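Participant: entry-v5.pdb is reproduced in full below (PDB, C-alpha atoms).
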```pdb
MODEL        1
ATOM      1  CA  MET A   1    -233.485  65.330  30.173  1.00  0.00           C
ATOM      2  CA  GLY A   2    -233.378  65.497  26.391  1.00  0.00           C
ATOM      3  CA  SER A   3    -234.253  62.651  24.067  1.00  0.00           C
ATOM      4  CA  ASP A   4    -230.640  62.050  22.987  1.00  0.00           C
ATOM      5  CA  GLU A   5    -229.542  61.638  26.592  1.00  0.00           C
ATOM      6  CA  PHE A   6    -232.508  59.404  27.437  1.00  0.00           C
ATOM      7  CA  PHE A   7    -232.082  57.183  24.366  1.00  0.00           C
ATOM      8  CA  GLY A   8    -228.355  57.008  25.100  1.00  0.00           C
ATOM      9  CA  LEU A   9    -229.085  55.678  28.592  1.00  0.00           C
ATOM     10  CA  VAL A  10    -231.507  53.087  27.196  1.00  0.00           C
ATOM     11  CA  ASP A  11    -228.857  51.966  24.710  1.00  0.00           C
ATOM     12  CA  GLU A  12    -226.192  51.864  27.415  1.00  0.00           C
ATOM     13  CA  PHE A  13    -228.131  49.948  30.062  1.00  0.00           C
ATOM     14  CA  LEU A  14    -230.913  48.064  28.314  1.00  0.00           C
ATOM     15  CA  SER A  15    -230.214  47.441  24.614  1.00  0.00           C
ATOM     16  CA  PRO A  16    -227.292  45.014  25.126  1.00  0.00           C
ATOM     17  CA  ARG A  17    -229.231  43.033  27.739  1.00  0.00           C
ATOM     18  CA  MET A  18    -232.326  42.848  25.571  1.00  0.00           C
ATOM     19  CA  ALA A  19    -230.173  41.498  22.721  1.00  0.00           C
ATOM     20  CA  GLU A  20    -228.872  38.816  25.104  1.00  0.00           C
ATOM     21  CA  LEU A  21    -232.481  37.913  25.867  1.00  0.00           C
ATOM     22  CA  GLY A  22    -233.320  37.618  22.161  1.00  0.00           C
ATOM     23  CA  TYR A  23    -234.938  40.989  21.447  1.00  0.00           C
ATOM     24  CA  HIS A  24    -234.101  43.360  18.596  1.00  0.00           C
ATOM     25  CA  ARG A  25    -233.818  47.089  19.146  1.00  0.00           C
ATOM     26  CA  LEU A  26    -236.627  48.987  17.413  1.00  0.00           C
ATOM     27  CA  GLY A  27    -235.271  52.341  18.592  1.00  0.00           C
ATOM     28  CA  GLY A  28    -236.617  55.500  20.070  1.00  0.00           C
ATOM     29  CA  SER A  29    -238.814  58.361  18.986  1.00  0.00           C
ATOM     30  CA  GLU A  30    -240.240  61.597  20.312  1.00  0.00           C
ATOM     31  CA  ASN A  31    -244.021  61.546  20.574  1.00  0.00           C
ATOM     32  CA  ASP A  32    -245.696  64.948  20.822  1.00  0.00           C
ATOM     33  CA  GLN A  33    -249.246  63.699  20.157  1.00  0.00           C
ATOM     34  CA  PRO A  34    -251.212  63.959  23.420  1.00  0.00           C
ATOM     35  CA  GLN A  35    -254.093  61.947  22.003  1.00  0.00           C
ATOM     36  CA  SER A  36    -251.799  58.917  21.970  1.00  0.00           C
ATOM     37  CA  ARG A  37    -252.045  59.004  25.781  1.00  0.00           C
ATOM     38  CA  GLY A  38    -255.746  59.870  25.824  1.00  0.00           C
ATOM     39  CA  MET A  39    -255.198  63.567  26.479  1.00  0.00           C
ATOM     40  CA  LEU A  40    -257.348  66.259  24.865  1.00  0.00           C
ATOM     41  CA  THR A  41    -255.725  69.142  23.018  1.00  0.00           C
ATOM     42  CA  LYS A  42    -256.804  72.272  21.261  1.00  0.00           C
ATOM     43  CA  SER A  43    -256.061  72.720  17.574  1.00  0.00           C
ATOM     44  CA  LEU A  44    -252.664  74.260  18.103  1.00  0.00           C
ATOM     45  CA  PRO A  45    -249.343  73.419  16.484  1.00  0.00           C
ATOM     46  CA  PRO A  46    -247.345  70.842  18.512  1.00  0.00           C
ATOM     47  CA  SER A  47    -244.895  73.490  19.731  1.00  0.00           C
ATOM     48  CA  ARG A  48    -247.705  75.419  21.433  1.00  0.00           C
ATOM     49  CA  ARG A  49    -249.819  72.575  22.854  1.00  0.00           C
ATOM     50  CA  ALA A  50    -250.403  72.572  26.592  1.00  0.00           C
ATOM     51  CA  ASP A  51    -252.884  70.687  28.697  1.00  0.00           C
ATOM     52  CA  SER A  52    -255.923  72.302  30.292  1.00  0.00           C
ATOM     53  CA  ALA A  53    -253.917  73.116  33.435  1.00  0.00           C
ATOM     54  CA  GLY A  54    -251.399  75.109  31.380  1.00  0.00           C
ATOM     55  CA  ARG A  55    -248.538  72.660  31.910  1.00  0.00           C
ATOM     56  CA  ALA A  56    -245.684  72.220  29.453  1.00  0.00           C
ATOM     57  CA  PRO A  57    -246.440  70.867  25.988  1.00  0.00           C
ATOM     58  CA  PHE A  58    -246.898  67.112  25.823  1.00  0.00           C
ATOM     59  CA  LEU A  59    -243.757  65.165  24.955  1.00  0.00           C
ATOM     60  CA  LEU A  60    -243.079  61.490  25.431  1.00  0.00           C
ATOM     61  CA  TYR A  61    -239.917  59.571  24.579  1.00  0.00           C
ATOM     62  CA  ASP A  62    -240.819  56.059  23.418  1.00  0.00           C
ATOM     63  CA  PHE A  63    -238.332  53.219  22.958  1.00  0.00           C
ATOM     64  CA  GLY A  64    -239.103  49.677  21.866  1.00  0.00           C
ATOM     65  CA  PHE A  65    -237.723  46.184  21.464  1.00  0.00           C
ATOM     66  CA  GLU A  66    -239.145  43.302  19.399  1.00  0.00           C
ATOM     67  CA  ALA A  67    -238.884  39.602  20.222  1.00  0.00           C
ATOM     68  CA  GLY A  68    -236.662  37.661  17.848  1.00  0.00           C
ATOM     69  CA  SER A  69    -238.812  34.528  17.982  1.00  0.00           C
ATOM     70  CA  ASP A  70    -241.915  32.920  19.410  1.00  0.00           C
ATOM     71  CA  ASP A  71    -239.634  31.105  21.883  1.00  0.00           C
ATOM     72  CA  VAL A  72    -238.482  34.451  23.279  1.00  0.00           C
ATOM     73  CA  GLN A  73    -242.080  35.594  23.677  1.00  0.00           C
ATOM     74  CA  ARG A  74    -243.018  32.388  25.521  1.00  0.00           C
ATOM     75  CA  LEU A  75    -239.981  32.759  27.767  1.00  0.00           C
ATOM     76  CA  VAL A  76    -240.896  36.317  28.793  1.00  0.00           C
ATOM     77  CA  ASP A  77    -244.632  35.688  29.170  1.00  0.00           C
ATOM     78  CA  PRO A  78    -245.601  31.993  29.067  1.00  0.00           C
ATOM     79  CA  GLU A  79    -249.281  32.747  29.778  1.00  0.00           C
ATOM     80  CA  ASP A  80    -249.701  35.428  27.082  1.00  0.00           C
ATOM     81  CA  PRO A  81    -246.743  35.241  24.679  1.00  0.00           C
ATOM     82  CA  ASP A  82    -248.353  37.641  22.204  1.00  0.00           C
ATOM     83  CA  SER A  83    -248.097  40.443  24.772  1.00  0.00           C
ATOM     84  CA  ALA A  84    -244.305  39.942  24.819  1.00  0.00           C
ATOM     85  CA  ASP A  85    -243.911  40.472  21.060  1.00  0.00           C
ATOM     86  CA  GLU A  86    -242.837  44.089  21.591  1.00  0.00           C
ATOM     87  CA  LEU A  87    -241.722  45.670  24.857  1.00  0.00           C
ATOM     88  CA  TRP A  88    -241.929  49.468  25.057  1.00  0.00           C
ATOM     89  CA  LEU A  89    -240.796  51.963  27.650  1.00  0.00           C
ATOM     90  CA  SER A  90    -241.508  55.660  27.798  1.00  0.00           C
ATOM     91  CA  TYR A  91    -240.445  58.795  29.614  1.00  0.00           C
ATOM     92  CA  GLU A  92    -242.431  62.017  29.886  1.00  0.00           C
ATOM     93  CA  PRO A  93    -239.993  64.872  30.616  1.00  0.00           C
ATOM     94  CA  ALA A  94    -242.670  67.306  31.841  1.00  0.00           C
ATOM     95  CA  THR A  95    -243.808  64.972  34.623  1.00  0.00           C
ATOM     96  CA  GLY A  96    -240.706  62.821  35.124  1.00  0.00           C
ATOM     97  CA  GLU A  97    -242.831  59.677  34.636  1.00  0.00           C
ATOM     98  CA  LEU A  98    -240.796  56.650  33.528  1.00  0.00           C
ATOM     99  CA  ASP A  99    -242.980  53.766  32.356  1.00  0.00           C
ATOM    100  CA  LEU A 100    -241.243  50.382  32.571  1.00  0.00           C
ATOM    101  CA  ARG A 101    -244.412  48.292  33.098  1.00  0.00           C
ATOM    102  CA  ALA A 102    -243.574  46.002  30.164  1.00  0.00           C
ATOM    103  CA  TRP A 103    -240.611  44.674  32.190  1.00  0.00           C
ATOM    104  CA  ALA A 104    -242.641  43.852  35.318  1.00  0.00           C
ATOM    105  CA  SER A 105    -242.546  40.071  34.875  1.00  0.00           C
ATOM    106  CA  ILE A 106    -238.807  40.132  34.155  1.00  0.00           C
ATOM    107  CA  ALA A 107    -238.002  42.554  36.981  1.00  0.00           C
ATOM    108  CA  GLU A 108    -240.182  40.937  39.651  1.00  0.00           C
ATOM    109  CA  GLY A 109    -238.011  40.379  42.735  1.00  0.00           C
ATOM    110  CA  ARG A 110    -234.981  41.816  40.941  1.00  0.00           C
ATOM    111  CA  VAL A 111    -235.551  45.565  41.475  1.00  0.00           C
ATOM    112  CA  ASP A 112    -236.440  47.600  44.557  1.00  0.00           C
ATOM    113  CA  TRP A 113    -239.591  49.227  43.148  1.00  0.00           C
ATOM    114  CA  ASP A 114    -242.744  47.947  41.452  1.00  0.00           C
ATOM    115  CA  PRO A 115    -242.548  48.648  37.705  1.00  0.00           C
ATOM    116  CA  ARG A 116    -246.303  48.053  37.439  1.00  0.00           C
ATOM    117  CA  SER A 117    -247.228  50.964  39.673  1.00  0.00           C
ATOM    118  CA  ASP A 118    -244.190  53.128  40.492  1.00  0.00           C
ATOM    119  CA  THR A 119    -243.484  55.317  37.493  1.00  0.00           C
ATOM    120  CA  GLY A 120    -241.958  58.222  39.380  1.00  0.00           C
ATOM    121  CA  PRO A 121    -241.578  61.081  39.029  1.00  0.00           C
ATOM    122  CA  CYS A 122    -237.922  60.312  38.357  1.00  0.00           C
ATOM    123  CA  SER A 123    -234.948  62.656  38.378  1.00  0.00           C
ATOM    124  CA  GLY A 124    -232.144  62.171  35.871  1.00  0.00           C
ATOM    125  CA  SER A 125    -230.148  60.123  38.370  1.00  0.00           C
ATOM    126  CA  GLU A 126    -233.220  58.007  39.179  1.00  0.00           C
ATOM    127  CA  ILE A 127    -233.815  57.323  35.482  1.00  0.00           C
ATOM    128  CA  ARG A 128    -230.202  56.189  35.176  1.00  0.00           C
ATOM    129  CA  ARG A 129    -230.551  53.966  38.260  1.00  0.00           C
ATOM    130  CA  ARG A 130    -233.823  52.378  37.142  1.00  0.00           C
ATOM    131  CA  LEU A 131    -232.608  51.679  33.612  1.00  0.00           C
ATOM    132  CA  ALA A 132    -229.415  50.134  35.023  1.00  0.00           C
ATOM    133  CA  ASP A 133    -231.496  48.048  37.443  1.00  0.00           C
ATOM    134  CA  ILE A 134    -233.803  46.857  34.649  1.00  0.00           C
ATOM    135  CA  GLY A 135    -230.757  46.004  32.530  1.00  0.00           C
ATOM    136  CA  ARG A 136    -229.334  43.898  35.367  1.00  0.00           C
ATOM    137  CA  ALA A 137    -232.749  42.271  35.893  1.00  0.00           C
ATOM    138  CA  VAL A 138    -232.926  41.338  32.199  1.00  0.00           C
ATOM    139  CA  ALA A 139    -229.413  39.832  32.336  1.00  0.00           C
ATOM    140  CA  ASP A 140    -230.292  37.915  35.499  1.00  0.00           C
ATOM    141  CA  PHE A 141    -233.587  36.725  33.981  1.00  0.00           C
ATOM    142  CA  ALA A 142    -231.795  35.507  30.832  1.00  0.00           C
ATOM    143  CA  ARG A 143    -229.196  33.648  32.934  1.00  0.00           C
ATOM    144  CA  SER A 144    -231.903  32.087  35.084  1.00  0.00           C
ATOM    145  CA  GLN A 145    -233.560  30.774  31.932  1.00  0.00           C
ATOM    146  CA  GLY A 146    -230.328  29.250  30.619  1.00  0.00           C
ATOM    147  CA  GLY A 147    -229.462  32.091  28.250  1.00  0.00           C
ATOM    148  CA  SER A 148    -231.441  33.448  25.368  1.00  0.00           C
ATOM    149  CA  PRO A 149    -233.579  31.094  23.292  1.00  0.00           C
ATOM    150  CA  PRO A 150    -232.812  30.659  19.594  1.00  0.00           C
ATOM    151  CA  THR A 151    -234.097  33.303  17.202  1.00  0.00           C
ATOM    152  CA  SER A 152    -236.016  32.394  14.092  1.00  0.00           C
TER     153      SER A 152
ENDMDL
END
```
Take the structure in the file and give it back as structure tokens.
Facilitator:
Amino acid sequence: MGSDEFFGLVDEFLSPRMAELGYHRLGGSENDQPQSRGMLTKSLPPSRRADSAGRAPFLLYDFGFEAGSDDVQRLVDPEDPDSADELWLSYEPATGELDLRAWASIAEGRVDWDPRSDTGPCSGSEIRRRLADIGRAVADFARSQGGSPPTS
């Protein structure tokens, strides 16, 4: 799955729901820097980097949202509101890993997998399903909290 398709799915299923919750879309980017995930690389140009096992070059699609207010942060994580300032998700095409851990507290009991530990691997249809499920969980969470809090 290419970045345009992935970011399109995030915008389709998650961006509108996050706005309802009081988060602003930061957007997506392609990350080809293995050291950002603690991986070691040789001094090769990004297009030729591969891990020590000879797998495909490292590539991660990152997408983020920022809380519109302190109230939003407290709503999403009352015990550690600072951790809810920005919520990021990522997808690594080479492995199929979809990281939605930042939504674990919102999704708890609202999705049929554990976002904290089940990152895949995910096929294209599974990515679509999980993003749609997280979007529904966000909408349900916002409704259960009486709608989105005011933004500052």
Participant: Compare A:Ala67, A:Ala84, A:Leu98, A:Val10 by their minimum atom-to-atom distance to Glu126 (chain A), counting all atoms listed in the file, and give me the closest one.
Facilitator: A:Leu98
Participant: Select all residues near (-238.6, 43.1, 19.3) (cut-off 6 Å, inclusive, file coordinates), counting all atoms listed in the file, and output them as a PyMOL selection string.
Facilitator: chain A and resi 23-24+65-68+86
Participant: Rounded to one decimal place, report the CA of Ala137 (chain A)-CA of Asp4 (chain A) distance in Å.
Facilitator: 23.7 Å
Participant: Take CA of Gly64 (chain A) and CA of Glu12 (chain A) and report the distance between them in Å, one decimal.
Facilitator: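 Value for the CA of Gly64 (chain A)-CA of Glu12 (chain A) distance: 14.2 Å.
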Participant: Do you know which residues lie at most 12 Å from (-238.2, 36.8, 20.8), with coordinates as in the file and all atoms listed in the file counted, and could you write them as a compact mmCIF listing (two decimals) with C-alpha atoms, in the frame of the given file?
Facilitator:
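Output file point.txt is given in full below:
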```txt
# COMPACT_ATOMS: atom_id res chain seq x y z
CA MET A 18 -232.33 42.85 25.57
CA ALA A 19 -230.17 41.50 22.72
CA GLU A 20 -228.87 38.82 25.10
CA LEU A 21 -232.48 37.91 25.87
CA GLY A 22 -233.32 37.62 22.16
CA TYR A 23 -234.94 40.99 21.45
CA HIS A 24 -234.10 43.36 18.60
CA ARG A 25 -233.82 47.09 19.15
CA PHE A 65 -237.72 46.18 21.46
CA GLU A 66 -239.14 43.30 19.40
CA ALA A 67 -238.88 39.60 20.22
CA GLY A 68 -236.66 37.66 17.85
CA SER A 69 -238.81 34.53 17.98
CA ASP A 70 -241.92 32.92 19.41
CA ASP A 71 -239.63 31.10 21.88
CA VAL A 72 -238.48 34.45 23.28
CA GLN A 73 -242.08 35.59 23.68
CA ARG A 74 -243.02 32.39 25.52
CA LEU A 75 -239.98 32.76 27.77
CA VAL A 76 -240.90 36.32 28.79
CA ASP A 77 -244.63 35.69 29.17
CA PRO A 81 -246.74 35.24 24.68
CA ASP A 82 -248.35 37.64 22.20
CA SER A 83 -248.10 40.44 24.77
CA ALA A 84 -244.30 39.94 24.82
CA ASP A 85 -243.91 40.47 21.06
CA GLU A 86 -242.84 44.09 21.59
CA LEU A 87 -241.72 45.67 24.86
CA ALA A 142 -231.80 35.51 30.83
CA SER A 148 -231.44 33.45 25.37
CA PRO A 149 -233.58 31.09 23.29
CA PRO A 150 -232.81 30.66 19.59
CA THR A 151 -234.10 33.30 17.20
CA SER A 152 -236.02 32.39 14.09
```
Participant: CA of Gln145 (chain A) and CA of Ile106 (chain A), how far apart in Å?
Facilitator: 11.0 Å
Participant: At a cut-off of 8 Å, using only C-alpha atoms, what residues contact Leu14 (chain A)? Leave out same-chain residues fewer than 4 positions from it and give the result as a count of residues only.
Facilitator: 7
Participant: When distances are computed from all atoms listed in the file, which of A:Phe58, A:Phe63, A:Trp113, A:Trp103 shows the smallest separation from Leu89 (chain A)?
Facilitator: A:Phe63
Participant: Counting all atoms listed in the file, figure out which residue out of A:Asp133, A:Leu59, A:Glu97, A:Gly28 gets nearest to Asp118 (chain A).
Facilitator: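 Using all atoms listed in the file, the shortest distance to Asp118 (chain A) belongs to A:Glu97.
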Participant: Go ahead and fit an axis-aligned box to every listed atom of region 79-97 of chain A plus 5 Å each side, and pass me the centre and edge lengths in Å, one decimal, as lines of an AutoDock Vina configuration file.
Facilitator:
```
center_x = -244.8
center_y = 50.0
center_z = 28.1
size_x = 19.7
size_y = 44.6
size_z = 24.1
```
Participant: Counting all atoms listed in the file, figure out which residue out of A:Asn31, A:Ser144, A:Ser117, A:Thr95 gets nearest to Met1 (chain A).
Facilitator: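 Of A:Asn31, A:Ser144, A:Ser117, A:Thr95, the one nearest Met1 (chain A), counting all atoms listed in the file, is A:Thr95.
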